[in-house]
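**Q** Got a structure for you, protein_33.tsv, holding TSV, N, CA and C atoms.
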chain	number	residue	atom	x	y	z
V	1320	MET	N	161.90	65.39	88.11
V	1320	MET	CA	161.52	66.71	87.61
V	1320	MET	C	162.75	67.39	87.01
V	1321	TYR	N	162.51	68.52	86.43
V	1321	TYR	CA	163.56	69.27	85.73
V	1321	TYR	C	164.48	70.03	86.69
V	1322	ASP	N	165.67	70.32	86.20
V	1322	ASP	CA	166.53	71.33	86.83
V	1322	ASP	C	166.16	72.63	86.12
V	1323	TRP	N	165.16	73.30	86.67
V	1323	TRP	CA	164.55	74.46	86.02
V	1323	TRP	C	165.52	75.61	85.82
V	1324	ASN	N	166.43	75.82	86.75
V	1324	ASN	CA	167.38	76.92	86.64
V	1324	ASN	C	168.36	76.70	85.49
V	1325	THR	N	168.88	75.48	85.37
V	1325	THR	CA	169.78	75.15	84.27
V	1325	THR	C	169.03	75.22	82.94
V	1326	TYR	N	167.82	74.68	82.93
V	1326	TYR	CA	167.01	74.70	81.71
V	1326	TYR	C	166.77	76.12	81.24
V	1327	GLN	N	166.45	77.03	82.17
V	1327	GLN	CA	166.19	78.42	81.80
V	1327	GLN	C	167.43	79.05	81.18
V	1328	LYS	N	168.60	78.79	81.76
V	1328	LYS	CA	169.85	79.34	81.21
V	1328	LYS	C	170.10	78.79	79.80
V	1329	GLN	N	169.88	77.49	79.61
V	1329	GLN	CA	170.07	76.88	78.30
V	1329	GLN	C	169.10	77.46	77.28
V	1330	LEU	N	167.87	77.64	77.70
V	1330	LEU	CA	166.83	78.17	76.83
V	1330	LEU	C	167.17	79.59	76.38
V	1331	VAL	N	167.55	80.42	77.32
V	1331	VAL	CA	167.91	81.81	77.00
V	1331	VAL	C	169.11	81.84	76.04
V	1332	SER	N	170.07	80.97	76.28
V	1332	SER	CA	171.25	80.90	75.41
V	1332	SER	C	170.85	80.48	74.00
V	1333	THR	N	170.03	79.47	73.88
V	1333	THR	CA	169.62	78.98	72.57
V	1333	THR	C	168.78	80.01	71.83
V	1334	ILE	N	167.90	80.69	72.55
V	1334	ILE	CA	167.10	81.74	71.92
V	1334	ILE	C	168.00	82.89	71.47
V	1335	GLY	N	169.06	83.15	72.24
V	1335	GLY	CA	170.05	84.14	71.82
V	1335	GLY	C	170.70	83.75	70.49
V	1336	GLU	N	170.97	82.45	70.33
V	1336	GLU	CA	171.54	81.97	69.07
V	1336	GLU	C	170.54	82.14	67.93
V	1337	ILE	N	169.27	81.85	68.20
V	1337	ILE	CA	168.23	82.05	67.19
V	1337	ILE	C	168.18	83.53	66.81
V	1338	GLY	N	168.32	84.40	67.81
V	1338	GLY	CA	168.31	85.83	67.56
V	1338	GLY	C	169.41	86.29	66.62
V	1339	LYS	N	170.55	85.63	66.68
V	1339	LYS	CA	171.64	85.96	65.77
V	1339	LYS	C	171.31	85.53	64.34
V	1340	LEU	N	170.60	84.41	64.22
V	1340	LEU	CA	170.26	83.88	62.90
V	1340	LEU	C	169.02	84.57	62.31
V	1341	SER	N	168.10	84.96	63.19
V	1341	SER	CA	166.84	85.55	62.74
V	1341	SER	C	166.43	86.67	63.71
V	1342	PRO	N	167.15	87.78	63.67
V	1342	PRO	CA	166.93	88.84	64.65
V	1342	PRO	C	165.51	89.41	64.62
V	1343	ASP	N	164.89	89.50	63.47
V	1343	ASP	CA	163.54	90.06	63.41
V	1343	ASP	C	162.53	89.18	64.13
V	1344	THR	N	162.73	87.87	64.09
V	1344	THR	CA	161.82	86.95	64.78
V	1344	THR	C	161.87	87.19	66.29
V	1345	VAL	N	163.07	87.25	66.83
V	1345	VAL	CA	163.21	87.45	68.28
V	1345	VAL	C	162.80	88.87	68.66
V	1346	ARG	N	163.10	89.83	67.84
V	1346	ARG	CA	162.70	91.21	68.08
V	1346	ARG	C	161.17	91.32	68.10
V	1347	GLY	N	160.51	90.67	67.16
V	1347	GLY	CA	159.05	90.68	67.11
V	1347	GLY	C	158.43	90.02	68.33
V	1348	TYR	N	159.01	88.90	68.75
V	1348	TYR	CA	158.55	88.23	69.97
V	1348	TYR	C	158.71	89.17	71.18
V	1349	SER	N	159.85	89.80	71.27
V	1349	SER	CA	160.10	90.72	72.40
V	1349	SER	C	159.11	91.87	72.40
V	1350	LEU	N	158.81	92.39	71.24
V	1350	LEU	CA	157.84	93.49	71.13
V	1350	LEU	C	156.47	93.05	71.63
V	1351	LEU	N	156.03	91.86	71.23
V	1351	LEU	CA	154.76	91.33	71.71
V	1351	LEU	C	154.78	91.12	73.22
V	1352	SER	N	155.88	90.57	73.71
V	1352	SER	CA	156.00	90.27	75.14
V	1352	SER	C	155.95	91.51	76.01
V	1353	GLU	N	156.46	92.61	75.50
V	1353	GLU	CA	156.52	93.84	76.28
V	1353	GLU	C	155.30	94.74	76.10
V	1354	ALA	N	154.41	94.40	75.19
V	1354	ALA	CA	153.27	95.27	74.87
V	1354	ALA	C	152.41	95.57	76.10
V	1355	GLY	N	152.16	94.56	76.93
V	1355	GLY	CA	151.32	94.76	78.12
V	1355	GLY	C	151.92	95.72	79.12
V	1356	ASN	N	153.23	95.81	79.15
V	1356	ASN	CA	153.88	96.72	80.09
V	1356	ASN	C	153.54	98.18	79.81
V	1357	LYS	N	153.16	98.47	78.58
V	1357	LYS	CA	152.92	99.86	78.19
V	1357	LYS	C	151.51	100.33	78.49
V	1358	THR	N	150.57	99.42	78.63
V	1358	THR	CA	149.19	99.83	78.88
V	1358	THR	C	148.91	100.07	80.36
V	1359	ASN	N	149.55	99.29	81.21
V	1359	ASN	CA	149.39	99.41	82.66
V	1359	ASN	C	147.97	99.19	83.16
V	1360	HIS	N	147.15	98.45	82.40
V	1360	HIS	CA	145.81	98.11	82.90
V	1360	HIS	C	145.89	96.97	83.91
V	1361	LEU	N	146.87	96.09	83.74
V	1361	LEU	CA	147.12	95.01	84.69
V	1361	LEU	C	148.51	95.22	85.27
V	1362	ASP	N	148.67	94.89	86.53
V	1362	ASP	CA	150.01	95.02	87.10
V	1362	ASP	C	150.88	93.84	86.64
V	1363	ALA	N	152.17	93.99	86.79
V	1363	ALA	CA	153.14	93.01	86.29
V	1363	ALA	C	152.92	91.63	86.93
V	1364	LYS	N	152.60	91.58	88.21
V	1364	LYS	CA	152.38	90.29	88.87
V	1364	LYS	C	151.17	89.59	88.27
V	1365	THR	N	150.10	90.31	88.03
V	1365	THR	CA	148.90	89.71	87.44
V	1365	THR	C	149.20	89.17	86.05
V	1366	ARG	N	149.95	89.93	85.25
V	1366	ARG	CA	150.33	89.46	83.92
V	1366	ARG	C	151.13	88.16	84.00
V	1367	GLU	N	152.02	88.07	84.98
V	1367	GLU	CA	152.82	86.84	85.13
V	1367	GLU	C	151.96	85.67	85.58
V	1368	LEU	N	150.99	85.92	86.43
V	1368	LEU	CA	150.08	84.84	86.85
V	1368	LEU	C	149.26	84.34	85.66
V	1369	ILE	N	148.80	85.26	84.83
V	1369	ILE	CA	148.08	84.86	83.61
V	1369	ILE	C	149.02	84.07	82.70
V	1370	ALA	N	150.24	84.54	82.57
V	1370	ALA	CA	151.23	83.85	81.72
V	1370	ALA	C	151.45	82.42	82.19
V	1371	LEU	N	151.48	82.22	83.50
V	1371	LEU	CA	151.66	80.86	84.03
V	1371	LEU	C	150.47	79.98	83.71
V	1372	ALA	N	149.27	80.51	83.86
V	1372	ALA	CA	148.08	79.73	83.53
V	1372	ALA	C	148.08	79.35	82.04
V	1373	VAL	N	148.43	80.30	81.20
V	1373	VAL	CA	148.49	80.02	79.76
V	1373	VAL	C	149.61	79.02	79.48
V	1374	ALA	N	150.74	79.16	80.14
V	1374	ALA	CA	151.87	78.24	79.93
V	1374	ALA	C	151.45	76.80	80.22
V	1375	VAL	N	150.64	76.62	81.24
V	1375	VAL	CA	150.15	75.28	81.57
V	1375	VAL	C	149.20	74.79	80.48
V	1376	THR	N	148.29	75.64	80.04
V	1376	THR	CA	147.34	75.20	79.02
V	1376	THR	C	148.03	74.93	77.69
V	1377	ARG	N	149.13	75.62	77.42
V	1377	ARG	CA	149.89	75.41	76.17
V	1377	ARG	C	150.98	74.36	76.34
V	1378	GLN	N	151.19	73.89	77.56
V	1378	GLN	CA	152.21	72.88	77.88
V	1378	GLN	C	153.59	73.32	77.41
V	1379	CYS	N	153.96	74.53	77.80
V	1379	CYS	CA	155.23	75.13	77.38
V	1379	CYS	C	156.19	75.20	78.57
V	1380	ASP	N	157.14	74.26	78.61
V	1380	ASP	CA	158.11	74.24	79.71
V	1380	ASP	C	158.96	75.50	79.77
V	1381	GLY	N	159.34	76.02	78.62
V	1381	GLY	CA	160.12	77.26	78.60
V	1381	GLY	C	159.33	78.40	79.21
V	1382	CYS	N	158.06	78.49	78.86
V	1382	CYS	CA	157.19	79.53	79.43
V	1382	CYS	C	157.07	79.35	80.94
V	1383	ILE	N	156.95	78.10	81.37
V	1383	ILE	CA	156.82	77.82	82.81
V	1383	ILE	C	158.03	78.32	83.57
V	1384	THR	N	159.23	77.98	83.11
V	1384	THR	CA	160.43	78.38	83.86
V	1384	THR	C	160.62	79.89	83.86
V	1385	VAL	N	160.43	80.53	82.70
V	1385	VAL	CA	160.64	81.97	82.61
V	1385	VAL	C	159.60	82.74	83.42
V	1386	HIS	N	158.34	82.34	83.30
V	1386	HIS	CA	157.28	83.10	83.96
V	1386	HIS	C	157.15	82.77	85.45
V	1387	THR	N	157.59	81.58	85.87
V	1387	THR	CA	157.65	81.29	87.31
V	1387	THR	C	158.69	82.21	87.94
V	1388	ASP	N	159.84	82.30	87.31
V	1388	ASP	CA	160.90	83.19	87.79
V	1388	ASP	C	160.40	84.63	87.86
V	1389	ALA	N	159.77	85.08	86.79
V	1389	ALA	CA	159.27	86.47	86.75
V	1389	ALA	C	158.17	86.70	87.78
V	1390	ALA	N	157.27	85.73	87.95
V	1390	ALA	CA	156.19	85.89	88.93
V	1390	ALA	C	156.74	86.03	90.34
V	1391	ILE	N	157.73	85.21	90.66
V	1391	ILE	CA	158.36	85.31	91.99
V	1391	ILE	C	159.00	86.67	92.15
V	1392	LYS	N	159.72	87.14	91.14
V	1392	LYS	CA	160.38	88.45	91.22
V	1392	LYS	C	159.36	89.59	91.33
V	1393	LYS	N	158.15	89.38	90.80
V	1393	LYS	CA	157.10	90.42	90.89
V	1393	LYS	C	156.29	90.29	92.17
V	1394	GLY	N	156.66	89.34	93.03
V	1394	GLY	CA	156.03	89.23	94.35
V	1394	GLY	C	154.90	88.23	94.46
V	1395	ALA	N	154.73	87.37	93.47
V	1395	ALA	CA	153.65	86.38	93.53
V	1395	ALA	C	153.98	85.33	94.59
V	1396	SER	N	152.99	85.03	95.40
V	1396	SER	CA	153.17	84.00	96.42
V	1396	SER	C	152.88	82.62	95.83
V	1397	LYS	N	153.29	81.60	96.55
V	1397	LYS	CA	153.01	80.22	96.13
V	1397	LYS	C	151.49	80.01	96.03
V	1398	GLU	N	150.75	80.61	96.97
V	1398	GLU	CA	149.29	80.48	96.97
V	1398	GLU	C	148.66	81.17	95.76
V	1399	GLU	N	149.17	82.34	95.39
V	1399	GLU	CA	148.64	83.04	94.22
V	1399	GLU	C	148.92	82.24	92.94
V	1400	ILE	N	150.11	81.68	92.87
V	1400	ILE	CA	150.45	80.86	91.70
V	1400	ILE	C	149.54	79.64	91.64
V	1401	ALA	N	149.32	78.99	92.79
V	1401	ALA	CA	148.43	77.81	92.82
V	1401	ALA	C	147.02	78.18	92.39
V	1402	GLU	N	146.54	79.35	92.79
V	1402	GLU	CA	145.20	79.78	92.39
V	1402	GLU	C	145.12	80.02	90.89
V	1403	ALA	N	146.14	80.65	90.33
V	1403	ALA	CA	146.19	80.86	88.88
V	1403	ALA	C	146.21	79.52	88.15
V	1404	LEU	N	146.96	78.56	88.68
V	1404	LEU	CA	147.01	77.24	88.06
V	1404	LEU	C	145.67	76.53	88.16
V	1405	GLY	N	144.94	76.79	89.24
V	1405	GLY	CA	143.59	76.24	89.37
V	1405	GLY	C	142.68	76.73	88.26
V	1406	VAL	N	142.85	77.99	87.86
V	1406	VAL	CA	142.07	78.53	86.74
V	1406	VAL	C	142.44	77.78	85.46
V	1407	ALA	N	143.72	77.52	85.26
V	1407	ALA	CA	144.16	76.78	84.07
V	1407	ALA	C	143.56	75.39	84.05
V	1408	VAL	N	143.54	74.72	85.18
V	1408	VAL	CA	142.96	73.38	85.26
V	1408	VAL	C	141.47	73.43	84.91
V	1409	ALA	N	140.76	74.40	85.47
V	1409	ALA	CA	139.33	74.53	85.21
V	1409	ALA	C	139.05	74.82	83.74
V	1410	ILE	N	139.84	75.71	83.15
V	1410	ILE	CA	139.64	76.06	81.74
V	1410	ILE	C	139.93	74.85	80.85
V	1411	ASN	N	140.98	74.10	81.17
V	1411	ASN	CA	141.28	72.90	80.39
V	1411	ASN	C	140.14	71.88	80.50
V	1412	ALA	N	139.59	71.73	81.69
V	1412	ALA	CA	138.46	70.82	81.86
V	1412	ALA	C	137.25	71.33	81.08
V	1413	GLY	N	137.03	72.64	81.13
V	1413	GLY	CA	135.92	73.23	80.38
V	1413	GLY	C	136.09	73.05	78.89
V	1414	ALA	N	137.32	73.23	78.41
V	1414	ALA	CA	137.58	73.04	76.98
V	1414	ALA	C	137.33	71.59	76.59
V	1415	ALA	N	137.70	70.65	77.44
V	1415	ALA	CA	137.44	69.23	77.15
V	1415	ALA	C	135.94	68.97	77.08
V	1416	MET	N	135.16	69.62	77.94
V	1416	MET	CA	133.71	69.47	77.88
V	1416	MET	C	133.16	70.04	76.58
V	1417	VAL	N	133.62	71.20	76.18
V	1417	VAL	CA	133.15	71.82	74.94
V	1417	VAL	C	133.48	70.91	73.75
V	1418	TYR	N	134.69	70.40	73.70
V	1418	TYR	CA	135.08	69.54	72.59
V	1418	TYR	C	134.39	68.18	72.67
V	1419	SER	N	134.03	67.75	73.86
V	1419	SER	CA	133.22	66.54	73.99
V	1419	SER	C	131.86	66.76	73.35
V	1420	ALA	N	131.29	67.94	73.55
V	1420	ALA	CA	130.01	68.27	72.90
V	1420	ALA	C	130.17	68.27	71.39
V	1421	ARG	N	131.31	68.74	70.90
V	1421	ARG	CA	131.56	68.73	69.45
V	1421	ARG	C	131.62	67.30	68.92
V	1422	VAL	N	132.24	66.40	69.67
V	1422	VAL	CA	132.28	65.00	69.26
V	1422	VAL	C	130.86	64.44	69.15
V	1423	MET	N	130.05	64.72	70.14
V	1423	MET	CA	128.67	64.22	70.13
V	1423	MET	C	127.90	64.81	68.95
V	1424	ASP	N	128.16	66.07	68.63
V	1424	ASP	CA	127.53	66.71	67.48
V	1424	ASP	C	128.00	66.04	66.18
V	1425	ALA	N	129.28	65.76	66.08
V	1425	ALA	CA	129.81	65.08	64.90
V	1425	ALA	C	129.20	63.68	64.78
V	1426	TYR	N	129.09	63.00	65.90
V	1426	TYR	CA	128.48	61.68	65.89
V	1426	TYR	C	127.05	61.75	65.38
V	1427	ALA	N	126.27	62.70	65.89
V	1427	ALA	CA	124.89	62.86	65.47
V	1427	ALA	C	124.81	63.17	63.97
V	1428	ALA	N	125.70	64.02	63.48
V	1428	ALA	CA	125.70	64.38	62.07
V	1428	ALA	C	126.05	63.18	61.19
V	1429	LYS	N	126.93	62.35	61.64
V	1429	LYS	CA	127.39	61.22	60.84
V	1429	LYS	C	126.43	60.03	60.92
V	1430	THR	N	125.65	59.94	61.95
V	1430	THR	CA	124.72	58.81	62.07
V	1430	THR	C	123.32	59.14	61.58
V	1431	SER	N	123.04	60.39	61.34
V	1431	SER	CA	121.70	60.75	60.87
V	1431	SER	C	121.63	60.87	59.36
V	1432	VAL	N	122.75	60.62	58.71
V	1432	VAL	CA	122.80	60.72	57.24
V	1432	VAL	C	122.20	59.49	56.61
What's the structure tokens form of this structure?
**A**
Amino acid sequence: MYDWNTYQKQLVSTIGEIGKLSPDTVRGYSLLSEAGNKTNHLDAKTRELIALAVAVTRQCDGCITVHTDAAIKKGASKEEIAEALGVAVAINAGAAMVYSARVMDAYAAKTSV
């Protein structure tokens, strides 16, 4: 497995370098990332749990390390994180079922011509 702490430091450093080359890109990302903090409809821990589930579905290692760290700092327990990941697993399975139906539909369309 990864050395997640070292990876996170390297990632932050590299994104800092990108910020020097393209400050508007990183500024825009930061603005999007902080938008939820201003509405306060979800608490910070819930947002981090959602971020982890999305990180898994998007297969983003950088997101995993950053949002695992943030979720822990916001008080998320190992059990809460596991439950959020269970939602990600279920959604991925559901998406595979939906796209399986699309394949069958494509098959029907191509064989009935």
**Q** Just the number, please: distance in Å from CA of Asn1359 (chain V) to CA of Leu1371 (chain V), one decimal.
**A** 18.7 Å
**Q** Choose the residue, out of V:Asp1343, V:Asp1322, V:Glu1353, V:Glu1367, that has the smallest atom-to-atom separation from Lys1392 (chain V); count only C-alpha atoms.
**A** V:Glu1367
**Q** Point out the residue among V:Leu1404, V:Val1373, V:Ala1427, V:Leu1368 with the least atom-to-atom distance to Ala1389 (chain V), counting only C-alpha atoms.
**A** V:Leu1368
**Q** Looking at V:Ala1372, V:Ala1425, V:Ala1395, V:Cys1379, which one is nearest to Val1408 (chain V), with distances taken over all atoms listed in the file?
**A**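 Checking each of V:Ala1372, V:Ala1425, V:Ala1395, V:Cys1379 against Val1408 (chain V), counting all atoms listed in the file, the winner is V:Ala1372.
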**Q** Hey, can you check how far atom N of Ile1383 (chain V) sits from CA of Ala1370 (chain V)?
**A**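 These two atoms are separated by 8.1 Å.
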**Q** How would region 1356-1372 of chain V read, as a short mmCIF file (atom, residue, chain, number, x, y, z; two decimals), in the coordinates of the input, once N, CA, C and O atoms are built in?
**A**
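The result, stored in rebuild_11.cif:
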data_model
loop_
_atom_site.label_atom_id
_atom_site.label_comp_id
_atom_site.auth_asym_id
_atom_site.auth_seq_id
_atom_site.Cartn_x
_atom_site.Cartn_y
_atom_site.Cartn_z
N ASN V 1356 153.23 95.81 79.15
CA ASN V 1356 153.88 96.72 80.09
C ASN V 1356 153.54 98.18 79.81
O ASN V 1356 153.64 99.02 80.69
N LYS V 1357 153.16 98.47 78.58
CA LYS V 1357 152.92 99.86 78.19
C LYS V 1357 151.51 100.33 78.49
O LYS V 1357 151.27 101.52 78.56
N THR V 1358 150.57 99.42 78.63
CA THR V 1358 149.19 99.83 78.88
C THR V 1358 148.91 100.07 80.36
O THR V 1358 148.09 100.91 80.69
N ASN V 1359 149.55 99.29 81.21
CA ASN V 1359 149.39 99.41 82.66
C ASN V 1359 147.97 99.19 83.16
O ASN V 1359 147.60 99.67 84.22
N HIS V 1360 147.15 98.45 82.40
CA HIS V 1360 145.81 98.11 82.90
C HIS V 1360 145.89 96.97 83.91
O HIS V 1360 145.06 96.90 84.81
N LEU V 1361 146.87 96.09 83.74
CA LEU V 1361 147.12 95.01 84.69
C LEU V 1361 148.51 95.22 85.27
O LEU V 1361 149.42 95.65 84.56
N ASP V 1362 148.67 94.89 86.53
CA ASP V 1362 150.01 95.02 87.10
C ASP V 1362 150.88 93.84 86.64
O ASP V 1362 150.38 92.84 86.13
N ALA V 1363 152.17 93.99 86.79
CA ALA V 1363 153.14 93.01 86.29
C ALA V 1363 152.92 91.63 86.93
O ALA V 1363 153.03 90.61 86.24
N LYS V 1364 152.60 91.58 88.21
CA LYS V 1364 152.38 90.29 88.87
C LYS V 1364 151.17 89.59 88.27
O LYS V 1364 151.23 88.38 87.99
N THR V 1365 150.10 90.31 88.03
CA THR V 1365 148.90 89.71 87.44
C THR V 1365 149.20 89.17 86.05
O THR V 1365 148.77 88.07 85.69
N ARG V 1366 149.95 89.93 85.25
CA ARG V 1366 150.33 89.46 83.92
C ARG V 1366 151.13 88.16 84.00
O ARG V 1366 150.94 87.24 83.20
N GLU V 1367 152.02 88.07 84.98
CA GLU V 1367 152.82 86.84 85.13
C GLU V 1367 151.96 85.67 85.58
O GLU V 1367 152.18 84.53 85.14
N LEU V 1368 150.99 85.92 86.43
CA LEU V 1368 150.08 84.84 86.85
C LEU V 1368 149.26 84.34 85.66
O LEU V 1368 149.06 83.13 85.49
N ILE V 1369 148.80 85.26 84.83
CA ILE V 1369 148.08 84.86 83.61
C ILE V 1369 149.02 84.07 82.70
O ILE V 1369 148.64 83.03 82.14
N ALA V 1370 150.24 84.54 82.57
CA ALA V 1370 151.23 83.85 81.72
C ALA V 1370 151.45 82.42 82.19
O ALA V 1370 151.56 81.49 81.38
N LEU V 1371 151.48 82.22 83.50
CA LEU V 1371 151.66 80.86 84.03
C LEU V 1371 150.47 79.98 83.71
O LEU V 1371 150.63 78.80 83.34
N ALA V 1372 149.27 80.51 83.86
CA ALA V 1372 148.08 79.73 83.53
C ALA V 1372 148.08 79.35 82.04
O ALA V 1372 147.79 78.21 81.68
#
